[in-house]
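Scroll down for the structure; my scribbles are underneath it.
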Amino acid sequence: MKKAIVIGAGPAGLSSAHELSKKGVEVIVLEASNHVGGMSRSFDLWGQTVDLGPHRFFSKQKEVNAFFNELIKDDFTLVNRQTRIYYSGKYFQYPLKFGNVLKNLSLVTIFQILWHYLVRVFFPIKNPKNLEEWISNRFGEKLYSIFFKNYSEKLWGIKCTQIDADWAAQRIKTLSLVQAVISSIFNNQGHKHKTLVDQFAYPNNGTGTLYERAAESIKKKNGEIALNSPVKRVLLDKGNKKVSGVELTDGSVIKADYVISTMPLTNLVNGLGHLPKKVKEAVNSLYFRNTILVYFEVDTINLFTDNWLYIHAPEVKLGRVTNFRNWCPTLNKDKNTAILALEFWCFEKDKMWSANDNDLIKMAKKELSDINLMPKKYKIINSKVIRVPKCYPVYETGYMKKLDIVIDCLKDVEGLMPIGRYGAFKYNNQDHSILMGLLAANKITNNNPTDLWKVNTDTEYQEDANIKDVLIY
Ligand SMILES: Cc1cc2nc3c(=O)[nH]c(=O)nc-3n(C[C@H](O)[C@H](O)[C@H](O)COP(=O)(O)OP(=O)(O)OC[C@H]3O[C@@H](n4cnc5c(N)ncnc54)[C@H](O)[C@@H]3O)c2cc1C
């Protein structure tokens with residue numbers, strides 16, 4: 001009988017444990033916090049349901065959608081996506097729409113965009129290594145400076161020339177400006193069906209419902225979910241070549257044949273102890289960006305109609321604002337107020353991370369009014385701050401060389417599978433973490449030779465899929 005320990009009850013951990021419990025493998029999920037869902041959890045706030053910022057689920061992967069369908073069934077709403085960019089006092093529809101861009105930019109700027117684009121068509125940068133070069137190659141420097149530079153630098157906290165091109169390749173559709181203009185002019189006309197970019201399937205009681213149900217299902221199949229059980233380190237056998245179990249922070253030890261870890265890769269590796277200096281140095285040079293979420297309950301439902309707004313304006317630190325009023329009506333529980341979540345990004349060493357809640361709330365209120373998102377006639381009736389540590393693995397140029405050193409070392413340890421967003425240092429969405437979880441489980445049950453480190457890196461950009469094909473069958 002095989003026994004597996006899963007560290008972390010987020011999407012990656014729970015999808016793996018769910019699959020293992022279905023196949024009869026003895027599994028225990030050890031979760032540090034007192035809830036399941038990780039960064040994708042939902043929770044009650046002032047009588048309504050909210051997530052940790054916006055959580056849109058989308059995937060073209062059959063097995064990922066099967067996991068969603070098995071647990072959510074028809075208990076979801078197809079939400080029509082509306083998202084815009086706030087920049088220079090104006091709102092731009094996102095994904096960009098040609099007419100809207102024309103309306104919002106001056107003729108001079110539009111000519112500059114086209115000119116810079118043509119320059120890059122004829123004189124592309126060879127082997128673009130960083131975000132600035134990668135985006136400029138596809139869209140030209142002008143469009144890059146308007147729609148990518150400010151936001152990316154706010155999010156990552158480093159210059160775009162220091163952000164690895166890997167991130168863009170993973171997240172930005174390889175679409176040229178010409179294609180972007182054509183698709184925005186025709187604006188999906190001629191396409192009968194909505195794609196994943198137009199709509200998304202959202203569980204009626206929040207994105208976290210998927211993980212609450214996965215946890216219930218694991219328990220029904222005799223799997224165990226232990227909350228408030230932070231893992232201190234993974235234990236290896238004497239030759240350091242095979243896992244033998246884990247040690248919790250209270251000193252207790254649990255033995256197992258396999259450990260699927262979704263705890264931060266940096267903590268996992270440092271806990272292993274015996275590693276060569278080169279590996280320790282490599283892992284300790286990897287770092288994360290944190291998020292501070294400031295939630296406001298506002299005494300109106302008429303603020304703005306977007307699911308979320310990207311705030312590109314460089315004059316404020318604010319990066320994104322979600323309005324949960326505009327997701328699905330079941331979240332609001334018939335209340336006549338709107339809950340907003342304002343996102344700010346910082347490093348652990350920054351003053352903002354250790355600032356007190358009152359100061360953060362004051363700053364958030366000021367920024368909201370500085371960009372006119374909160375007319376004076378409305379009042380904020382409740383505020384709350386939530387800090388989300390290590391939620392963005394920073395893809396600084398050259399990070400992959402360091403990660404490769406760590407991967408080479410971990411590949412030698414039999415039975416150890418680091419997966420997930422901070423678990424594998426991959427900028428995963430929920431679907432990628434779920435896929436990693438399912439594949440990790442298959443490695444145990446079917447001896448599947450999949451290289452889990454490769455999941456996500458080569459995935460085809462997904463948003464052109466027809467929503468009906470991928471979700472409802
Ligand atoms: C603001 C924001 C917006 C996002 N928007 C979207 C979106 O629109 N769409 C989308 O698909 N994704 C979105 N994501 C990403 C999504 O939240 C993650 O991809 C997903 O939650 C990652 O799942 P995971 O299991 O890899 O990691 P996590 O969700 O981080 O789960 C890891 C779990 O491990 C636990 N843990 C950590 N250390 C230990 C330890 N030592 N011992 C035991 N347990 C431990 C943690 O408590 C946590 O529960 C967003 C994320 C953020 C922060």
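Residues in the structure tokens are named by chain (A, B, ... in the order shown) and by number from 1 within that chain; ligands are numbered from 1 in the order shown.
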
- Task: Could you please extract the residues within 8 Å of ligand 1, counting only C-alpha atoms and all ligand atoms, and hand them back as a ChimeraX atom specification?
- Result: /A:7-14,30-33,35-41,52-58,228-233,248,262-264,267-268,291,293,343,388,391-392,419-424,427-434

- Message: Would you pick out the contacts of region 294-297 of chain A at 12 Å or less, using only C-alpha atoms, so that residues sharing its chain but fewer than 3 positions from it are not included, and give the list as a ChimeraX atom specification?
- Response: /A:45-53,291,300-301,303,318-325,332,335-345,356-365,367-368,374,378-388

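Across the structure, CA of Phe123 (chain A) and CA of Glu396 (chain A) are spaced 25.7 Å apart.
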
- How many Å lie between CA of Ser369 (chain A) and CA of Trp327 (chain A), rounded to one decimal?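 Between CA of Ser369 (chain A) and CA of Trp327 (chain A) the gap works out to 23.1 Å.
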
- Taking the DSSP assignment computed from this structure's backbone, write out as a VMD selection string all residues of region 379-459 of chain A that belong to helix (DSSP H, G or I). chain A and resid 399 to 411 430 to 446 452 to 454

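Note that CA of Val394 (chain A) and CA of Ile135 (chain A) are 17.8 Å apart.
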
- Contact residues around region 147-154 of chain A with only C-alpha atoms at 8 Å, ignoring same-chain residues under 4 positions, as an MDAnalysis selection string: chainID A and resid 132 143 158:160 310:314 317 319 345

Next, the residues of the selection above should be written as a PDB file, in the first residue's frame with N, CA and C atoms.
```pdb
ATOM      1  N   GLU A 132      10.780  43.953 -22.068  1.00  0.00           N
ATOM      2  CA  GLU A 132      10.724  45.135 -22.937  1.00  0.00           C
ATOM      3  C   GLU A 132      11.017  44.739 -24.383  1.00  0.00           C
ATOM      4  N   LEU A 143       3.397  51.236 -28.227  1.00  0.00           N
ATOM      5  CA  LEU A 143       2.287  50.510 -27.608  1.00  0.00           C
ATOM      6  C   LEU A 143       2.750  49.860 -26.295  1.00  0.00           C
ATOM      7  N   ILE A 158      10.405  45.558 -10.487  1.00  0.00           N
ATOM      8  CA  ILE A 158      11.710  45.735 -11.127  1.00  0.00           C
ATOM      9  C   ILE A 158      11.467  46.259 -12.547  1.00  0.00           C
ATOM     10  N   LYS A 159      12.504  46.757 -13.186  1.00  0.00           N
ATOM     11  CA  LYS A 159      12.355  47.309 -14.543  1.00  0.00           C
ATOM     12  C   LYS A 159      12.001  46.197 -15.537  1.00  0.00           C
ATOM     13  N   CYS A 160      11.276  46.576 -16.587  1.00  0.00           N
ATOM     14  CA  CYS A 160      10.909  45.573 -17.605  1.00  0.00           C
ATOM     15  C   CYS A 160      12.139  44.958 -18.263  1.00  0.00           C
ATOM     16  N   TYR A 310      -7.687  47.336 -14.534  1.00  0.00           N
ATOM     17  CA  TYR A 310      -6.230  47.416 -14.401  1.00  0.00           C
ATOM     18  C   TYR A 310      -5.870  48.891 -14.276  1.00  0.00           C
ATOM     19  N   ILE A 311      -5.097  49.237 -13.257  1.00  0.00           N
ATOM     20  CA  ILE A 311      -4.752  50.647 -13.073  1.00  0.00           C
ATOM     21  C   ILE A 311      -3.306  50.865 -13.544  1.00  0.00           C
ATOM     22  N   HIS A 312      -3.165  51.311 -14.792  1.00  0.00           N
ATOM     23  CA  HIS A 312      -1.819  51.521 -15.337  1.00  0.00           C
ATOM     24  C   HIS A 312      -1.236  52.865 -14.901  1.00  0.00           C
ATOM     25  N   ALA A 313      -2.095  53.783 -14.464  1.00  0.00           N
ATOM     26  CA  ALA A 313      -1.655  55.143 -14.116  1.00  0.00           C
ATOM     27  C   ALA A 313      -0.445  55.105 -13.181  1.00  0.00           C
ATOM     28  N   PRO A 314       0.701  55.689 -13.609  1.00  0.00           N
ATOM     29  CA  PRO A 314       1.908  55.609 -12.773  1.00  0.00           C
ATOM     30  C   PRO A 314       1.827  56.466 -11.515  1.00  0.00           C
ATOM     31  N   LYS A 317       0.025  53.810  -6.629  1.00  0.00           N
ATOM     32  CA  LYS A 317       0.624  52.482  -6.434  1.00  0.00           C
ATOM     33  C   LYS A 317      -0.388  51.384  -6.757  1.00  0.00           C
ATOM     34  N   GLY A 319      -2.734  48.745  -8.299  1.00  0.00           N
ATOM     35  CA  GLY A 319      -2.525  48.019  -9.548  1.00  0.00           C
ATOM     36  C   GLY A 319      -3.795  47.482 -10.185  1.00  0.00           C
ATOM     37  N   TRP A 345       1.170  45.794  -4.713  1.00  0.00           N
ATOM     38  CA  TRP A 345       2.230  44.779  -4.731  1.00  0.00           C
ATOM     39  C   TRP A 345       3.501  45.321  -4.093  1.00  0.00           C
TER      40      TRP A 345
END
```

- Show which residues sit within 7 Å of region 112-120 of chain A, as a list of chain:residue names. Count only C-alpha atoms, and ignore same-chain residues fewer than 5 positions away. A:Asn137, A:Phe139, A:Gly140, A:Glu141, A:Lys142, A:Leu143

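You can rank A:Arg289, A:Lys390, A:Lys278, A:Lys2 by their closest distance to Asp404 (chain A) using only C-alpha atoms, and at the top of that list sits A:Lys278.
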
- Going by DSSP on the backbone, which bits of region 156-391 of chain A are strand (DSSP E or B)? Write them as a PyMOL selection string, please. chain A and resi 163-164+195+199-203+224-226+231-236+242-248+253-255+258-261+288-298+308-311+320-323+338-346+380-391

- Message: When you look at region 85-93 of chain A with a cut-off of 8 Å (counting only C-alpha atoms), what residues show up, excluding the ones that are within fewer than 2 positions of it in the same chain? I need them as an NGL selection string.
- Response: :A and (82-83 or 95-97 or 100-101 or 104 or 309-313 or 371)

Output N, CA, C and O atoms of each residue in that selection to a file, as a PDB file, in the first residue's frame.
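Okay, result-v4.pdb is ready:
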```pdb
ATOM      1  N   GLN A  82     -15.969  41.772 -18.413  1.00  0.00           N
ATOM      2  CA  GLN A  82     -15.733  43.168 -18.771  1.00  0.00           C
ATOM      3  C   GLN A  82     -14.561  43.678 -17.939  1.00  0.00           C
ATOM      4  O   GLN A  82     -14.618  43.727 -16.705  1.00  0.00           O
ATOM      5  N   THR A  83     -13.468  43.999 -18.607  1.00  0.00           N
ATOM      6  CA  THR A  83     -12.303  44.514 -17.895  1.00  0.00           C
ATOM      7  C   THR A  83     -11.729  45.673 -18.700  1.00  0.00           C
ATOM      8  O   THR A  83     -11.733  45.629 -19.930  1.00  0.00           O
ATOM      9  N   PRO A  95      -9.486  42.922 -23.369  1.00  0.00           N
ATOM     10  CA  PRO A  95      -8.552  43.071 -24.470  1.00  0.00           C
ATOM     11  C   PRO A  95      -8.870  44.302 -25.333  1.00  0.00           C
ATOM     12  O   PRO A  95     -10.040  44.668 -25.476  1.00  0.00           O
ATOM     13  N   LEU A  96      -7.784  44.885 -25.894  1.00  0.00           N
ATOM     14  CA  LEU A  96      -7.934  46.155 -26.609  1.00  0.00           C
ATOM     15  C   LEU A  96      -8.916  46.057 -27.766  1.00  0.00           C
ATOM     16  O   LEU A  96      -8.937  45.069 -28.492  1.00  0.00           O
ATOM     17  N   LYS A  97      -9.732  47.081 -27.934  1.00  0.00           N
ATOM     18  CA  LYS A  97     -10.668  47.162 -29.070  1.00  0.00           C
ATOM     19  C   LYS A  97     -10.249  48.381 -29.903  1.00  0.00           C
ATOM     20  O   LYS A  97     -10.042  49.474 -29.365  1.00  0.00           O
ATOM     21  N   ASN A 100     -12.108  51.768 -29.673  1.00  0.00           N
ATOM     22  CA  ASN A 100     -11.936  52.360 -28.361  1.00  0.00           C
ATOM     23  C   ASN A 100     -10.539  52.967 -28.202  1.00  0.00           C
ATOM     24  O   ASN A 100     -10.372  54.066 -27.656  1.00  0.00           O
ATOM     25  N   VAL A 101      -9.518  52.291 -28.762  1.00  0.00           N
ATOM     26  CA  VAL A 101      -8.154  52.817 -28.698  1.00  0.00           C
ATOM     27  C   VAL A 101      -8.091  54.109 -29.520  1.00  0.00           C
ATOM     28  O   VAL A 101      -7.549  55.127 -29.075  1.00  0.00           O
ATOM     29  N   ASN A 104      -9.624  57.027 -27.715  1.00  0.00           N
ATOM     30  CA  ASN A 104      -8.934  57.496 -26.515  1.00  0.00           C
ATOM     31  C   ASN A 104      -7.552  58.081 -26.755  1.00  0.00           C
ATOM     32  O   ASN A 104      -7.003  58.743 -25.872  1.00  0.00           O
ATOM     33  N   LEU A 309     -10.628  46.304 -12.900  1.00  0.00           N
ATOM     34  CA  LEU A 309      -9.960  47.350 -13.692  1.00  0.00           C
ATOM     35  C   LEU A 309      -8.455  47.242 -13.456  1.00  0.00           C
ATOM     36  O   LEU A 309      -8.020  47.056 -12.311  1.00  0.00           O
ATOM     37  N   TYR A 310      -7.687  47.336 -14.534  1.00  0.00           N
ATOM     38  CA  TYR A 310      -6.230  47.416 -14.401  1.00  0.00           C
ATOM     39  C   TYR A 310      -5.870  48.891 -14.276  1.00  0.00           C
ATOM     40  O   TYR A 310      -6.294  49.704 -15.109  1.00  0.00           O
ATOM     41  N   ILE A 311      -5.097  49.237 -13.257  1.00  0.00           N
ATOM     42  CA  ILE A 311      -4.752  50.647 -13.073  1.00  0.00           C
ATOM     43  C   ILE A 311      -3.306  50.865 -13.544  1.00  0.00           C
ATOM     44  O   ILE A 311      -2.350  50.607 -12.810  1.00  0.00           O
ATOM     45  N   HIS A 312      -3.165  51.311 -14.792  1.00  0.00           N
ATOM     46  CA  HIS A 312      -1.819  51.521 -15.337  1.00  0.00           C
ATOM     47  C   HIS A 312      -1.236  52.865 -14.901  1.00  0.00           C
ATOM     48  O   HIS A 312      -0.038  53.062 -14.996  1.00  0.00           O
ATOM     49  N   ALA A 313      -2.095  53.783 -14.464  1.00  0.00           N
ATOM     50  CA  ALA A 313      -1.655  55.143 -14.116  1.00  0.00           C
ATOM     51  C   ALA A 313      -0.445  55.105 -13.181  1.00  0.00           C
ATOM     52  O   ALA A 313      -0.531  54.547 -12.081  1.00  0.00           O
ATOM     53  N   ILE A 371      -7.937  58.868  -8.490  1.00  0.00           N
ATOM     54  CA  ILE A 371      -8.219  58.506  -9.887  1.00  0.00           C
ATOM     55  C   ILE A 371      -9.736  58.528 -10.153  1.00  0.00           C
ATOM     56  O   ILE A 371     -10.217  57.901 -11.106  1.00  0.00           O
TER      57      ILE A 371
END
```

For Val406 (chain A), work out the shell of residues within 12 Å, counting only C-alpha atoms and skipping chain neighbours fewer than 2 positions away, then give it as a PDB file with N, CA, C and O atoms, in the first residue's frame.
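Resulting contents of result15.pdb:
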```pdb
ATOM      1  N   LEU A 265       8.963  26.774  -2.827  1.00  0.00           N
ATOM      2  CA  LEU A 265      10.138  25.990  -3.221  1.00  0.00           C
ATOM      3  C   LEU A 265      11.367  26.378  -2.383  1.00  0.00           C
ATOM      4  O   LEU A 265      12.160  25.518  -2.002  1.00  0.00           O
ATOM      5  N   THR A 266      11.485  27.669  -2.106  1.00  0.00           N
ATOM      6  CA  THR A 266      12.632  28.150  -1.331  1.00  0.00           C
ATOM      7  C   THR A 266      12.634  27.518   0.070  1.00  0.00           C
ATOM      8  O   THR A 266      13.668  27.058   0.545  1.00  0.00           O
ATOM      9  N   LEU A 268      11.077  24.708   0.951  1.00  0.00           N
ATOM     10  CA  LEU A 268      11.257  23.258   0.810  1.00  0.00           C
ATOM     11  C   LEU A 268      12.748  22.933   0.719  1.00  0.00           C
ATOM     12  O   LEU A 268      13.258  22.079   1.461  1.00  0.00           O
ATOM     13  N   VAL A 269      13.436  23.611  -0.188  1.00  0.00           N
ATOM     14  CA  VAL A 269      14.843  23.272  -0.449  1.00  0.00           C
ATOM     15  C   VAL A 269      15.705  23.602   0.764  1.00  0.00           C
ATOM     16  O   VAL A 269      16.548  22.807   1.174  1.00  0.00           O
ATOM     17  N   ASN A 270      15.466  24.765   1.381  1.00  0.00           N
ATOM     18  CA  ASN A 270      16.264  25.114   2.562  1.00  0.00           C
ATOM     19  C   ASN A 270      16.055  24.113   3.694  1.00  0.00           C
ATOM     20  O   ASN A 270      16.960  23.846   4.465  1.00  0.00           O
ATOM     21  N   LEU A 272      15.683  20.945   3.359  1.00  0.00           N
ATOM     22  CA  LEU A 272      16.297  19.643   3.092  1.00  0.00           C
ATOM     23  C   LEU A 272      17.682  19.528   3.743  1.00  0.00           C
ATOM     24  O   LEU A 272      18.182  18.442   3.988  1.00  0.00           O
ATOM     25  N   LEU A 275      22.120  20.094   1.296  1.00  0.00           N
ATOM     26  CA  LEU A 275      22.407  20.420  -0.109  1.00  0.00           C
ATOM     27  C   LEU A 275      23.751  21.092  -0.366  1.00  0.00           C
ATOM     28  O   LEU A 275      24.259  21.814   0.492  1.00  0.00           O
ATOM     29  N   PRO A 276      24.309  20.868  -1.569  1.00  0.00           N
ATOM     30  CA  PRO A 276      25.551  21.556  -1.924  1.00  0.00           C
ATOM     31  C   PRO A 276      25.358  23.067  -1.907  1.00  0.00           C
ATOM     32  O   PRO A 276      24.254  23.564  -2.159  1.00  0.00           O
ATOM     33  N   LYS A 277      26.459  23.786  -1.650  1.00  0.00           N
ATOM     34  CA  LYS A 277      26.428  25.251  -1.552  1.00  0.00           C
ATOM     35  C   LYS A 277      25.808  25.887  -2.806  1.00  0.00           C
ATOM     36  O   LYS A 277      25.019  26.832  -2.738  1.00  0.00           O
ATOM     37  N   LYS A 278      26.187  25.328  -3.960  1.00  0.00           N
ATOM     38  CA  LYS A 278      25.724  25.880  -5.237  1.00  0.00           C
ATOM     39  C   LYS A 278      24.180  25.874  -5.320  1.00  0.00           C
ATOM     40  O   LYS A 278      23.558  26.819  -5.782  1.00  0.00           O
ATOM     41  N   VAL A 279      23.576  24.798  -4.797  1.00  0.00           N
ATOM     42  CA  VAL A 279      22.111  24.674  -4.840  1.00  0.00           C
ATOM     43  C   VAL A 279      21.472  25.665  -3.871  1.00  0.00           C
ATOM     44  O   VAL A 279      20.503  26.342  -4.189  1.00  0.00           O
ATOM     45  N   LYS A 280      22.053  25.766  -2.691  1.00  0.00           N
ATOM     46  CA  LYS A 280      21.524  26.713  -1.682  1.00  0.00           C
ATOM     47  C   LYS A 280      21.593  28.141  -2.216  1.00  0.00           C
ATOM     48  O   LYS A 280      20.658  28.925  -2.081  1.00  0.00           O
ATOM     49  N   GLU A 281      22.735  28.466  -2.829  1.00  0.00           N
ATOM     50  CA  GLU A 281      22.887  29.822  -3.363  1.00  0.00           C
ATOM     51  C   GLU A 281      21.854  30.082  -4.459  1.00  0.00           C
ATOM     52  O   GLU A 281      21.234  31.138  -4.525  1.00  0.00           O
ATOM     53  N   ALA A 282      21.673  29.074  -5.303  1.00  0.00           N
ATOM     54  CA  ALA A 282      20.716  29.222  -6.417  1.00  0.00           C
ATOM     55  C   ALA A 282      19.307  29.432  -5.872  1.00  0.00           C
ATOM     56  O   ALA A 282      18.594  30.356  -6.277  1.00  0.00           O
ATOM     57  N   VAL A 283      18.887  28.606  -4.933  1.00  0.00           N
ATOM     58  CA  VAL A 283      17.507  28.703  -4.443  1.00  0.00           C
ATOM     59  C   VAL A 283      17.304  30.011  -3.673  1.00  0.00           C
ATOM     60  O   VAL A 283      16.234  30.630  -3.752  1.00  0.00           O
ATOM     61  N   ASN A 284      18.332  30.451  -2.972  1.00  0.00           N
ATOM     62  CA  ASN A 284      18.166  31.676  -2.190  1.00  0.00           C
ATOM     63  C   ASN A 284      18.242  32.942  -3.034  1.00  0.00           C
ATOM     64  O   ASN A 284      17.985  34.037  -2.559  1.00  0.00           O
ATOM     65  N   SER A 285      18.576  32.773  -4.316  1.00  0.00           N
ATOM     66  CA  SER A 285      18.550  33.952  -5.190  1.00  0.00           C
ATOM     67  C   SER A 285      17.181  34.085  -5.874  1.00  0.00           C
ATOM     68  O   SER A 285      16.915  35.070  -6.549  1.00  0.00           O
ATOM     69  N   LEU A 286      16.319  33.084  -5.702  1.00  0.00           N
ATOM     70  CA  LEU A 286      14.952  33.195  -6.242  1.00  0.00           C
ATOM     71  C   LEU A 286      14.115  33.974  -5.233  1.00  0.00           C
ATOM     72  O   LEU A 286      14.273  33.794  -4.026  1.00  0.00           O
ATOM     73  N   TYR A 399      16.715  33.924 -14.203  1.00  0.00           N
ATOM     74  CA  TYR A 399      16.230  33.100 -13.077  1.00  0.00           C
ATOM     75  C   TYR A 399      16.226  31.608 -13.435  1.00  0.00           C
ATOM     76  O   TYR A 399      16.418  30.743 -12.590  1.00  0.00           O
ATOM     77  N   MET A 400      16.024  31.310 -14.727  1.00  0.00           N
ATOM     78  CA  MET A 400      15.870  29.910 -15.129  1.00  0.00           C
ATOM     79  C   MET A 400      17.159  29.119 -14.927  1.00  0.00           C
ATOM     80  O   MET A 400      17.117  27.943 -14.586  1.00  0.00           O
ATOM     81  N   LYS A 401      18.296  29.808 -15.106  1.00  0.00           N
ATOM     82  CA  LYS A 401      19.588  29.113 -14.894  1.00  0.00           C
ATOM     83  C   LYS A 401      19.680  28.660 -13.434  1.00  0.00           C
ATOM     84  O   LYS A 401      20.141  27.577 -13.129  1.00  0.00           O
ATOM     85  N   LYS A 402      19.213  29.564 -12.533  1.00  0.00           N
ATOM     86  CA  LYS A 402      19.289  29.226 -11.104  1.00  0.00           C
ATOM     87  C   LYS A 402      18.284  28.135 -10.768  1.00  0.00           C
ATOM     88  O   LYS A 402      18.571  27.187 -10.041  1.00  0.00           O
ATOM     89  N   LEU A 403      17.085  28.274 -11.354  1.00  0.00           N
ATOM     90  CA  LEU A 403      16.051  27.271 -11.084  1.00  0.00           C
ATOM     91  C   LEU A 403      16.501  25.904 -11.601  1.00  0.00           C
ATOM     92  O   LEU A 403      16.264  24.875 -10.954  1.00  0.00           O
ATOM     93  N   ASP A 404      17.185  25.894 -12.742  1.00  0.00           N
ATOM     94  CA  ASP A 404      17.663  24.623 -13.301  1.00  0.00           C
ATOM     95  C   ASP A 404      18.617  23.899 -12.349  1.00  0.00           C
ATOM     96  O   ASP A 404      18.590  22.672 -12.261  1.00  0.00           O
ATOM     97  N   ASP A 408      17.725  20.212 -11.060  1.00  0.00           N
ATOM     98  CA  ASP A 408      18.660  19.089 -11.244  1.00  0.00           C
ATOM     99  C   ASP A 408      18.869  18.341  -9.943  1.00  0.00           C
ATOM    100  O   ASP A 408      18.930  17.114  -9.923  1.00  0.00           O
ATOM    101  N   CYS A 409      18.971  19.091  -8.866  1.00  0.00           N
ATOM    102  CA  CYS A 409      19.223  18.468  -7.567  1.00  0.00           C
ATOM    103  C   CYS A 409      17.978  17.719  -7.071  1.00  0.00           C
ATOM    104  O   CYS A 409      18.064  16.583  -6.615  1.00  0.00           O
ATOM    105  N   LEU A 410      16.785  18.346  -7.232  1.00  0.00           N
ATOM    106  CA  LEU A 410      15.570  17.721  -6.707  1.00  0.00           C
ATOM    107  C   LEU A 410      15.150  16.494  -7.524  1.00  0.00           C
ATOM    108  O   LEU A 410      14.519  15.577  -6.997  1.00  0.00           O
ATOM    109  N   LYS A 411      15.526  16.480  -8.791  1.00  0.00           N
ATOM    110  CA  LYS A 411      15.151  15.345  -9.643  1.00  0.00           C
ATOM    111  C   LYS A 411      15.773  14.038  -9.153  1.00  0.00           C
ATOM    112  O   LYS A 411      15.289  12.963  -9.452  1.00  0.00           O
ATOM    113  N   ASP A 412      16.863  14.172  -8.417  1.00  0.00           N
ATOM    114  CA  ASP A 412      17.549  12.976  -7.901  1.00  0.00           C
ATOM    115  C   ASP A 412      16.852  12.377  -6.685  1.00  0.00           C
ATOM    116  O   ASP A 412      17.215  11.311  -6.221  1.00  0.00           O
ATOM    117  N   VAL A 413      15.876  13.097  -6.126  1.00  0.00           N
ATOM    118  CA  VAL A 413      15.247  12.607  -4.889  1.00  0.00           C
ATOM    119  C   VAL A 413      13.967  11.829  -5.236  1.00  0.00           C
ATOM    120  O   VAL A 413      12.965  12.430  -5.656  1.00  0.00           O
ATOM    121  N   PRO A 418       7.765  18.555  -6.201  1.00  0.00           N
ATOM    122  CA  PRO A 418       7.372  19.944  -5.943  1.00  0.00           C
ATOM    123  C   PRO A 418       6.496  20.449  -7.102  1.00  0.00           C
ATOM    124  O   PRO A 418       6.894  20.370  -8.254  1.00  0.00           O
ATOM    125  N   ALA A 424       6.532  25.288  -7.248  1.00  0.00           N
ATOM    126  CA  ALA A 424       7.472  24.950  -8.321  1.00  0.00           C
ATOM    127  C   ALA A 424       8.074  26.218  -8.925  1.00  0.00           C
ATOM    128  O   ALA A 424       8.711  26.156  -9.968  1.00  0.00           O
ATOM    129  N   PHE A 425       7.830  27.344  -8.283  1.00  0.00           N
ATOM    130  CA  PHE A 425       8.304  28.644  -8.772  1.00  0.00           C
ATOM    131  C   PHE A 425       7.848  28.860 -10.214  1.00  0.00           C
ATOM    132  O   PHE A 425       8.623  29.154 -11.120  1.00  0.00           O
ATOM    133  N   TRP A 453       8.177  19.493 -14.140  1.00  0.00           N
ATOM    134  CA  TRP A 453       8.785  20.825 -14.280  1.00  0.00           C
ATOM    135  C   TRP A 453       8.466  21.443 -15.630  1.00  0.00           C
ATOM    136  O   TRP A 453       8.607  22.641 -15.825  1.00  0.00           O
TER     137      TRP A 453
END
```

- Message: Nearest residue to Ile5 (chain A) out of A:Gln162, A:Ser354, A:Ser244, A:Thr249, using only C-alpha atoms?
- Response: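 Among the listed residues, A:Ser244 lies closest to Ile5 (chain A).
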
- Skipping near chain neighbours, those fewer than 3 positions away, what residues fall within 12 Å of Ile28 (chain A) using only C-alpha atoms, listed as a count of residues only? 38
